[in-house]
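S.K.: Okay, handing you the structure first.
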Amino acid sequence: MKNTALTSVHKDLGAKMVAYAGYQMPVSYAGVNIEHETVRKGVGVFDVSHMGEFLIEGPKALELIQKVTSNDAAKLYVGRAQYSYMPNETGGVVDDLIVYRVKDETYLLVVNAANIEKDWAHISKYNEEIGAEMRNISDGFSLLAIQGPKAVEAMQSLTSVDLSSIKFYHFEVADFAGIEHVIISATGYTGSGGFEIYCKNSEVHKIWDKVFEAGKDFGIEPIGLAARDTLRLEMGYCLYGNDITEETSPIEAGLGWITKFTKDFVNSENIQKEKEVGPKNKLVAFEMNDRAIPRHGYDIVDDAGAKIGSVTSGTMSPSLNKGIGLGYVPSNLSKIGSNIKIQIRKKAVDATVVKLPFYKG
């Protein structure tokens, strides 16, 4: 089991640790609902250093990224980031990721922790013909997500950059907490604003300490992976391995908005055909009509009790105090307001298809 550079810090803080994507990770400190509320109303810090980072460099860098990702990376300029996914050859998704343009010919790809080796192999396969320079820097870098509406104000004293001027999905390489050349990115997985901070493992202890010092008057707290999951689900953000997989179609998953057919990319012809014809199933958001908690893997059924789909993510929403979830259903049942049922043990419980996000802020 791998550790992040901060594993001992989390243990000292009394975090409940779990195995996640091959790492020992903090799942909770004070409890999921308390931590969730801290991020929605104040500021909290996640250690997400298990995420993978690849540098793609040189004159062929853009060509490689255009081939393996769905979005149009040619639109990126230095200081801009982009959400994207890597399609496989059989209609599914290798991974979802963020692409950063750090310099004219240097791109940073941030991938999911469980997929680091798989993603590296996939990109390398296509790079054999293209010949970009590739470096897997995952083991040397840490990532802190400082999230919540008070993040800008709480962290401003730590940098010379005006944090309020960094737009969503933009970033600066600047000083932060006394360390030079830190990536300060206005991205996150919570829907409550804030930043993600990329630094070297040797720098993260100092940054962690300074962040908590600067944030103490703002009620800053460490946040675990359990609250990260409830926060992202309230926004309807996909989780790889649950809502998108090697078997799920990106069009069915609602990723058409980051699928750009102005270029040739892996399996683009088949994905375009599916988009034109229309997918058989769609990933929908639903709320439970009665007090019940949907869970990953539960069946979605029709009035006769026949299975029509599966719940991919589900929880009791701390913000809404009701059961919410995502799941695949036939396209004709995907319209907002459609009634579906979730099989919870022996009972089929009524639910309604709703528009995302669940949490409106």
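Ordering of the structure tokens sets the chain letters (A, B, ...); residue numbers start at 1 within each chain; ligands are numbered from 1 in the order shown.
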With only C-alpha atoms as the counted atoms, please give the residues lying no more than 10 Å from region 202-208 of chain A, apart from itself and same-chain residues fewer than 3 positions off, as a count of residues only.

M.R.: 25

S.K.: Using DSSP secondary structure from the backbone, list all alpha helix (DSSP H) positions within region 89-305 of chain A, as a PyMOL selection string.

M.R.: chain A and resi 116-130+151-155+201-215+225-235+268-277

S.K.: Just the residues within 10 Å of region 322-331 of chain A, please, counting only C-alpha atoms, with nothing from its chain fewer than 6 positions along; format it as a short mmCIF file (atom, residue, chain, number, x, y, z; two decimals) with N, CA and C atoms, in the first residue's frame.

M.R.:
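result-v6.cif, written as the output of this step:
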data_model
loop_
_atom_site.label_atom_id
_atom_site.label_comp_id
_atom_site.auth_asym_id
_atom_site.auth_seq_id
_atom_site.Cartn_x
_atom_site.Cartn_y
_atom_site.Cartn_z
N THR A 230 -19.56 12.78 -1.54
CA THR A 230 -20.90 13.37 -1.42
C THR A 230 -20.95 14.74 -2.09
N LEU A 233 -21.02 14.24 -5.91
CA LEU A 233 -22.28 13.66 -6.37
C LEU A 233 -23.40 14.70 -6.36
N GLU A 234 -23.40 15.60 -5.37
CA GLU A 234 -24.41 16.68 -5.37
C GLU A 234 -24.29 17.56 -6.61
N GLY A 236 -23.26 16.21 -9.53
CA GLY A 236 -23.43 15.33 -10.68
C GLY A 236 -22.14 15.09 -11.44
N TYR A 237 -20.99 15.29 -10.79
CA TYR A 237 -19.71 15.02 -11.45
C TYR A 237 -19.47 13.52 -11.49
N CYS A 238 -19.06 13.02 -12.65
CA CYS A 238 -18.83 11.59 -12.81
C CYS A 238 -17.62 11.11 -12.00
N ASN A 242 -17.31 4.12 -11.47
CA ASN A 242 -18.73 4.04 -11.13
C ASN A 242 -19.59 4.46 -12.31
N ASP A 243 -19.53 5.76 -12.63
CA ASP A 243 -20.42 6.35 -13.65
C ASP A 243 -19.85 6.23 -15.06
N THR A 248 -18.64 1.85 -20.54
CA THR A 248 -19.71 2.84 -20.72
C THR A 248 -19.40 3.77 -21.89
N GLU A 252 -23.57 8.13 -23.90
CA GLU A 252 -24.57 7.74 -22.90
C GLU A 252 -24.30 8.41 -21.55
N ALA A 253 -23.01 8.62 -21.25
CA ALA A 253 -22.62 9.23 -19.96
C ALA A 253 -22.79 10.74 -19.94
N GLY A 278 -28.14 8.65 -31.70
CA GLY A 278 -28.72 8.81 -30.36
C GLY A 278 -28.46 7.56 -29.54
N PRO A 279 -28.05 7.72 -28.30
CA PRO A 279 -27.71 6.56 -27.48
C PRO A 279 -28.95 5.80 -27.02
N LYS A 280 -28.76 4.49 -26.80
CA LYS A 280 -29.87 3.65 -26.32
C LYS A 280 -30.20 3.99 -24.87
N ASN A 281 -29.16 4.24 -24.09
CA ASN A 281 -29.33 4.55 -22.67
C ASN A 281 -28.73 5.90 -22.35
N LYS A 282 -29.11 6.44 -21.21
CA LYS A 282 -28.52 7.72 -20.77
C LYS A 282 -28.28 7.68 -19.27
N LEU A 283 -27.21 8.35 -18.88
CA LEU A 283 -26.94 8.52 -17.45
C LEU A 283 -27.83 9.66 -16.95
N VAL A 284 -28.64 9.37 -15.96
CA VAL A 284 -29.57 10.39 -15.43
C VAL A 284 -29.31 10.62 -13.95
N ALA A 285 -29.76 11.77 -13.49
CA ALA A 285 -29.75 12.09 -12.06
C ALA A 285 -31.15 11.87 -11.53
N PHE A 286 -31.24 11.34 -10.31
CA PHE A 286 -32.57 11.12 -9.73
C PHE A 286 -32.56 11.41 -8.24
N GLU A 287 -33.73 11.80 -7.75
CA GLU A 287 -33.95 11.99 -6.32
C GLU A 287 -34.98 10.98 -5.85
N MET A 288 -34.77 10.44 -4.66
CA MET A 288 -35.75 9.51 -4.08
C MET A 288 -36.97 10.29 -3.60
N ASN A 289 -38.15 9.73 -3.87
CA ASN A 289 -39.38 10.39 -3.43
C ASN A 289 -39.68 10.11 -1.96
N ASP A 290 -39.23 8.95 -1.48
CA ASP A 290 -39.39 8.59 -0.07
C ASP A 290 -38.02 8.58 0.59
N ARG A 291 -38.01 8.50 1.91
CA ARG A 291 -36.73 8.49 2.61
C ARG A 291 -36.04 7.14 2.41
N ALA A 292 -35.07 7.12 1.53
CA ALA A 292 -34.32 5.89 1.21
C ALA A 292 -32.99 6.30 0.58
N ILE A 293 -32.00 5.42 0.73
CA ILE A 293 -30.67 5.74 0.21
C ILE A 293 -30.32 4.79 -0.93
N PRO A 294 -30.18 5.32 -2.15
CA PRO A 294 -29.75 4.47 -3.26
C PRO A 294 -28.24 4.23 -3.17
N ARG A 295 -27.78 3.06 -3.58
CA ARG A 295 -26.35 2.73 -3.54
C ARG A 295 -25.88 2.19 -4.88
N HIS A 296 -24.59 2.36 -5.13
CA HIS A 296 -23.96 1.83 -6.34
C HIS A 296 -24.30 0.34 -6.50
N GLY A 297 -24.79 -0.01 -7.69
CA GLY A 297 -25.10 -1.41 -7.99
C GLY A 297 -26.55 -1.80 -7.81
N TYR A 298 -27.35 -0.94 -7.16
CA TYR A 298 -28.78 -1.24 -7.01
C TYR A 298 -29.45 -1.24 -8.39
N ASP A 299 -30.44 -2.10 -8.56
CA ASP A 299 -31.19 -2.14 -9.82
C ASP A 299 -32.16 -0.96 -9.92
N ILE A 300 -32.30 -0.45 -11.13
CA ILE A 300 -33.40 0.48 -11.46
C ILE A 300 -34.44 -0.36 -12.19
N VAL A 301 -35.69 -0.29 -11.74
CA VAL A 301 -36.73 -1.19 -12.28
C VAL A 301 -37.93 -0.40 -12.79
N LYS A 307 -35.87 -5.22 -14.40
CA LYS A 307 -34.68 -4.36 -14.37
C LYS A 307 -34.53 -3.59 -15.68
N ILE A 308 -34.33 -2.26 -15.58
CA ILE A 308 -34.12 -1.43 -16.77
C ILE A 308 -32.79 -0.69 -16.74
N GLY A 309 -32.09 -0.78 -15.58
CA GLY A 309 -30.82 -0.07 -15.48
C GLY A 309 -30.20 -0.30 -14.11
N SER A 310 -29.11 0.44 -13.85
CA SER A 310 -28.39 0.29 -12.58
C SER A 310 -28.00 1.64 -12.01
N VAL A 311 -27.99 1.72 -10.69
CA VAL A 311 -27.48 2.90 -10.00
C VAL A 311 -25.95 2.85 -10.07
N THR A 312 -25.33 3.93 -10.52
CA THR A 312 -23.86 3.97 -10.60
C THR A 312 -23.26 4.71 -9.41
N SER A 313 -23.97 5.70 -8.88
CA SER A 313 -23.55 6.41 -7.67
C SER A 313 -24.80 6.78 -6.89
N GLY A 314 -24.72 6.70 -5.56
CA GLY A 314 -25.87 7.09 -4.74
C GLY A 314 -25.46 7.39 -3.31
N THR A 315 -26.20 8.28 -2.67
CA THR A 315 -25.91 8.64 -1.28
C THR A 315 -27.10 9.36 -0.67
N MET A 316 -27.01 9.62 0.61
CA MET A 316 -27.94 10.54 1.27
C MET A 316 -27.28 11.90 1.19
N ILE A 340 -39.04 6.67 -12.08
CA ILE A 340 -38.36 5.39 -12.10
C ILE A 340 -38.45 4.80 -10.68
N ILE A 342 -36.20 2.44 -7.71
CA ILE A 342 -34.92 1.87 -7.29
C ILE A 342 -35.21 0.68 -6.39
N ALA A 351 -38.65 7.09 -7.47
CA ALA A 351 -37.67 8.17 -7.65
C ALA A 351 -38.04 8.97 -8.88
N THR A 352 -37.53 10.19 -8.96
CA THR A 352 -37.84 11.09 -10.09
C THR A 352 -36.54 11.57 -10.73
N VAL A 353 -36.51 11.53 -12.06
CA VAL A 353 -35.36 12.05 -12.81
C VAL A 353 -35.35 13.57 -12.70
N VAL A 354 -34.21 14.13 -12.32
CA VAL A 354 -34.10 15.58 -12.10
C VAL A 354 -32.94 16.17 -12.90
N PHE A 358 -27.76 18.67 -8.35
CA PHE A 358 -28.71 18.51 -7.24
C PHE A 358 -28.62 19.73 -6.32
#

S.K.: Record the distance separating CA of His170 (chain A) and CA of Ile137 (chain A), expressed in Å with one decimal.

M.R.: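 These atoms are spaced 21.2 Å apart.
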
S.K.: I'd like a table as JSON lines: residues in region 222-282 of chain A with an atom no more than 12 Å from region 104-119 of chain A, each row giving the shortest atom pair and its distance in Å to one decimal, only C-alpha atoms counted, sorted by chain and rising residue number.

M.R.:
{"residue": "A:Cys238", "atom": "CA", "partner": "A:Asn112", "partner_atom": "CA", "distance": 11.9}
{"residue": "A:Leu239", "atom": "CA", "partner": "A:Asn112", "partner_atom": "CA", "distance": 9.5}
{"residue": "A:Tyr240", "atom": "CA", "partner": "A:Asn112", "partner_atom": "CA", "distance": 7.7}
{"residue": "A:Gly241", "atom": "CA", "partner": "A:Ala114", "partner_atom": "CA", "distance": 9.0}
{"residue": "A:Thr245", "atom": "CA", "partner": "A:Asn115", "partner_atom": "CA", "distance": 10.9}
{"residue": "A:Glu246", "atom": "CA", "partner": "A:Asn115", "partner_atom": "CA", "distance": 11.1}

S.K.: Take the residues from that selection and write them out as a PDB file, in the first residue's frame, keeping C-alpha atoms.

M.R.:
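The file below, selection_6.pdb, is the result:
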ATOM      1  CA  CYS A 238     -18.826  11.586 -12.809  1.00  0.00           C
ATOM      2  CA  LEU A 239     -16.618   9.212 -10.832  1.00  0.00           C
ATOM      3  CA  TYR A 240     -14.457   6.904 -12.911  1.00  0.00           C
ATOM      4  CA  GLY A 241     -15.125   3.260 -12.083  1.00  0.00           C
ATOM      5  CA  THR A 245     -15.838   2.812 -17.221  1.00  0.00           C
ATOM      6  CA  GLU A 246     -14.147   0.907 -20.046  1.00  0.00           C
TER       7      GLU A 246
END

S.K.: Can you list, as a compact mmCIF listing (two decimals) with all heavy atoms, in the first residue's frame, every protein, DNA or RNA residue that comes within 9 Å of Tyr77 (chain A) when you count only C-alpha atoms, leaving out same-chain residues fewer than 3 positions away?

M.R.:
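Printed below is result.txt as written:
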# COMPACT_ATOMS: atom_id res chain seq x y z
N ALA A 73 -7.77 20.16 -27.54
CA ALA A 73 -6.68 20.77 -26.79
C ALA A 73 -6.00 21.91 -27.55
O ALA A 73 -5.25 22.69 -26.96
CB ALA A 73 -5.64 19.71 -26.41
N ALA A 74 -6.30 22.05 -28.83
CA ALA A 74 -5.75 23.18 -29.61
C ALA A 74 -6.31 24.51 -29.12
O ALA A 74 -5.73 25.57 -29.35
CB ALA A 74 -6.06 23.00 -31.09
N ARG A 80 -4.43 27.85 -19.10
CA ARG A 80 -5.81 27.35 -19.27
C ARG A 80 -5.82 25.84 -19.09
O ARG A 80 -4.90 25.14 -19.53
CB ARG A 80 -6.31 27.71 -20.67
CG ARG A 80 -7.77 27.36 -20.95
CD ARG A 80 -8.70 28.38 -20.35
NE ARG A 80 -10.06 28.24 -20.86
CZ ARG A 80 -11.02 27.50 -20.28
NH1 ARG A 80 -10.76 26.81 -19.21
NH2 ARG A 80 -12.24 27.47 -20.79
N ALA A 81 -6.86 25.33 -18.44
CA ALA A 81 -7.05 23.88 -18.25
C ALA A 81 -8.35 23.44 -18.91
O ALA A 81 -9.22 24.26 -19.20
CB ALA A 81 -7.07 23.56 -16.76
N TYR A 100 -3.71 20.51 -18.73
CA TYR A 100 -3.21 21.86 -18.48
C TYR A 100 -2.16 22.22 -19.53
O TYR A 100 -1.27 21.41 -19.79
CB TYR A 100 -2.53 21.95 -17.11
CG TYR A 100 -3.42 21.79 -15.91
CD1 TYR A 100 -3.80 20.52 -15.46
CD2 TYR A 100 -3.86 22.90 -15.20
CE1 TYR A 100 -4.60 20.37 -14.33
CE2 TYR A 100 -4.67 22.76 -14.07
CZ TYR A 100 -5.03 21.49 -13.65
OH TYR A 100 -5.82 21.35 -12.54
N ARG A 101 -2.25 23.42 -20.09
CA ARG A 101 -1.15 23.89 -20.95
C ARG A 101 -0.24 24.76 -20.08
O ARG A 101 -0.59 25.89 -19.74
CB ARG A 101 -1.67 24.66 -22.15
CG ARG A 101 -0.55 24.96 -23.15
CD ARG A 101 -1.07 25.49 -24.47
NE ARG A 101 0.00 25.60 -25.44
CZ ARG A 101 -0.18 26.00 -26.69
NH1 ARG A 101 -1.40 26.31 -27.13
NH2 ARG A 101 0.85 26.09 -27.54
N VAL A 102 0.91 24.22 -19.72
CA VAL A 102 1.82 24.88 -18.78
C VAL A 102 2.77 25.84 -19.50
O VAL A 102 3.05 26.93 -19.02
CB VAL A 102 2.61 23.83 -17.98
CG1 VAL A 102 3.51 24.49 -16.94
CG2 VAL A 102 1.67 22.85 -17.29
N LYS A 103 3.28 25.40 -20.66
CA LYS A 103 4.12 26.24 -21.54
C LYS A 103 3.68 25.97 -22.96
O LYS A 103 2.82 25.10 -23.20
CB LYS A 103 5.61 25.88 -21.38
CG LYS A 103 6.18 26.14 -19.99
CD LYS A 103 7.64 25.68 -19.92
CE LYS A 103 8.20 25.82 -18.52
NZ LYS A 103 9.49 25.15 -18.38
N ASP A 104 4.28 26.66 -23.93
CA ASP A 104 3.86 26.49 -25.32
C ASP A 104 3.86 25.03 -25.75
O ASP A 104 2.93 24.56 -26.41
CB ASP A 104 4.77 27.29 -26.27
CG ASP A 104 4.38 28.77 -26.29
OD1 ASP A 104 3.29 29.08 -25.77
OD2 ASP A 104 5.16 29.58 -26.80

S.K.: Residues within 9 Å of Tyr169 (chain A), please, as a list in words. Count only C-alpha atoms; anything in the same chain fewer than 6 positions from it doesn't count.

M.R.: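 In the requested format, the answer is Gly79, Arg80, Ala81, Gln82, Tyr83, Ser185, Ala186, Thr187 and Gly188 of chain A.
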
S.K.: So that I have them on file, write out the residues from the current selection with N, CA, C and O atoms, as an mmCIF file, in the first residue's frame.

M.R.:
data_model
loop_
_atom_site.group_PDB
_atom_site.id
_atom_site.type_symbol
_atom_site.label_atom_id
_atom_site.label_comp_id
_atom_site.auth_asym_id
_atom_site.auth_seq_id
_atom_site.Cartn_x
_atom_site.Cartn_y
_atom_site.Cartn_z
ATOM 1 N N GLY A 79 -1.859 28.713 -19.198
ATOM 2 C CA GLY A 79 -2.688 29.201 -18.093
ATOM 3 C C GLY A 79 -4.121 28.721 -18.139
ATOM 4 O O GLY A 79 -4.934 29.099 -17.300
ATOM 5 N N ARG A 80 -4.433 27.851 -19.096
ATOM 6 C CA ARG A 80 -5.810 27.352 -19.267
ATOM 7 C C ARG A 80 -5.818 25.841 -19.088
ATOM 8 O O ARG A 80 -4.900 25.143 -19.527
ATOM 9 N N ALA A 81 -6.865 25.325 -18.443
ATOM 10 C CA ALA A 81 -7.047 23.884 -18.246
ATOM 11 C C ALA A 81 -8.345 23.437 -18.910
ATOM 12 O O ALA A 81 -9.223 24.259 -19.199
ATOM 13 N N GLN A 82 -8.455 22.139 -19.150
ATOM 14 C CA GLN A 82 -9.600 21.610 -19.888
ATOM 15 C C GLN A 82 -9.966 20.214 -19.375
ATOM 16 O O GLN A 82 -9.090 19.358 -19.203
ATOM 17 N N TYR A 83 -11.249 20.006 -19.147
ATOM 18 C CA TYR A 83 -11.744 18.679 -18.787
ATOM 19 C C TYR A 83 -11.902 17.860 -20.061
ATOM 20 O O TYR A 83 -12.355 18.387 -21.094
ATOM 21 N N SER A 185 -4.464 26.258 -9.285
ATOM 22 C CA SER A 185 -5.469 26.004 -10.319
ATOM 23 C C SER A 185 -6.878 26.191 -9.777
ATOM 24 O O SER A 185 -7.235 25.620 -8.749
ATOM 25 N N ALA A 186 -7.677 27.005 -10.471
ATOM 26 C CA ALA A 186 -9.074 27.229 -10.055
ATOM 27 C C ALA A 186 -9.950 26.086 -10.573
ATOM 28 O O ALA A 186 -10.802 26.242 -11.436
ATOM 29 N N THR A 187 -9.655 24.900 -10.034
ATOM 30 C CA THR A 187 -10.399 23.693 -10.383
ATOM 31 C C THR A 187 -10.761 22.984 -9.081
ATOM 32 O O THR A 187 -10.307 23.359 -8.012
ATOM 33 N N GLY A 188 -11.563 21.947 -9.186
ATOM 34 C CA GLY A 188 -11.940 21.187 -8.000
ATOM 35 C C GLY A 188 -13.084 20.257 -8.322
ATOM 36 O O GLY A 188 -13.613 20.267 -9.435
#

S.K.: Near Ala151 (chain A), counting only C-alpha atoms, which residues have an atom at most 9 Å away, once you skip same-chain residues fewer than 4 positions from it, shown as number ranges by chain?

M.R.: A: 42-44, 146-147, 155-156, 193-195, 215, 218, 220

S.K.: So which bits of region 68-201 of chain A end up strand (DSSP E or B) when you DSSP the backbone, as a PyMOL selection string?

M.R.: chain A and resi 80-87+93-103+106-111+133-136+141-147+170-176+179-185+194-200

S.K.: May I ask which of the residues A:Ala121, A:Ile244, A:Ile251, A:Ile98 is the closest one to Ser84 (chain A), counting only C-alpha atoms?

M.R.: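 Smallest distance to Ser84 (chain A) is found for A:Ile98.
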
S.K.: Tell me, as a VMD selection string, which residues lie within 8 Å of Tyr85 (chain A), counting only C-alpha atoms; anything in the same chain fewer than 2 positions away does not count.

M.R.: chain A and resid 69 to 71 83 87 93 to 97 258

S.K.: Nearest to Glu89 (chain A): which of A:Val266, A:Leu13, A:Met235, A:Ile336 is it, counting only C-alpha atoms?

M.R.: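 Going through A:Val266, A:Leu13, A:Met235, A:Ile336 one by one, the smallest distance to Glu89 (chain A) is for A:Val266.
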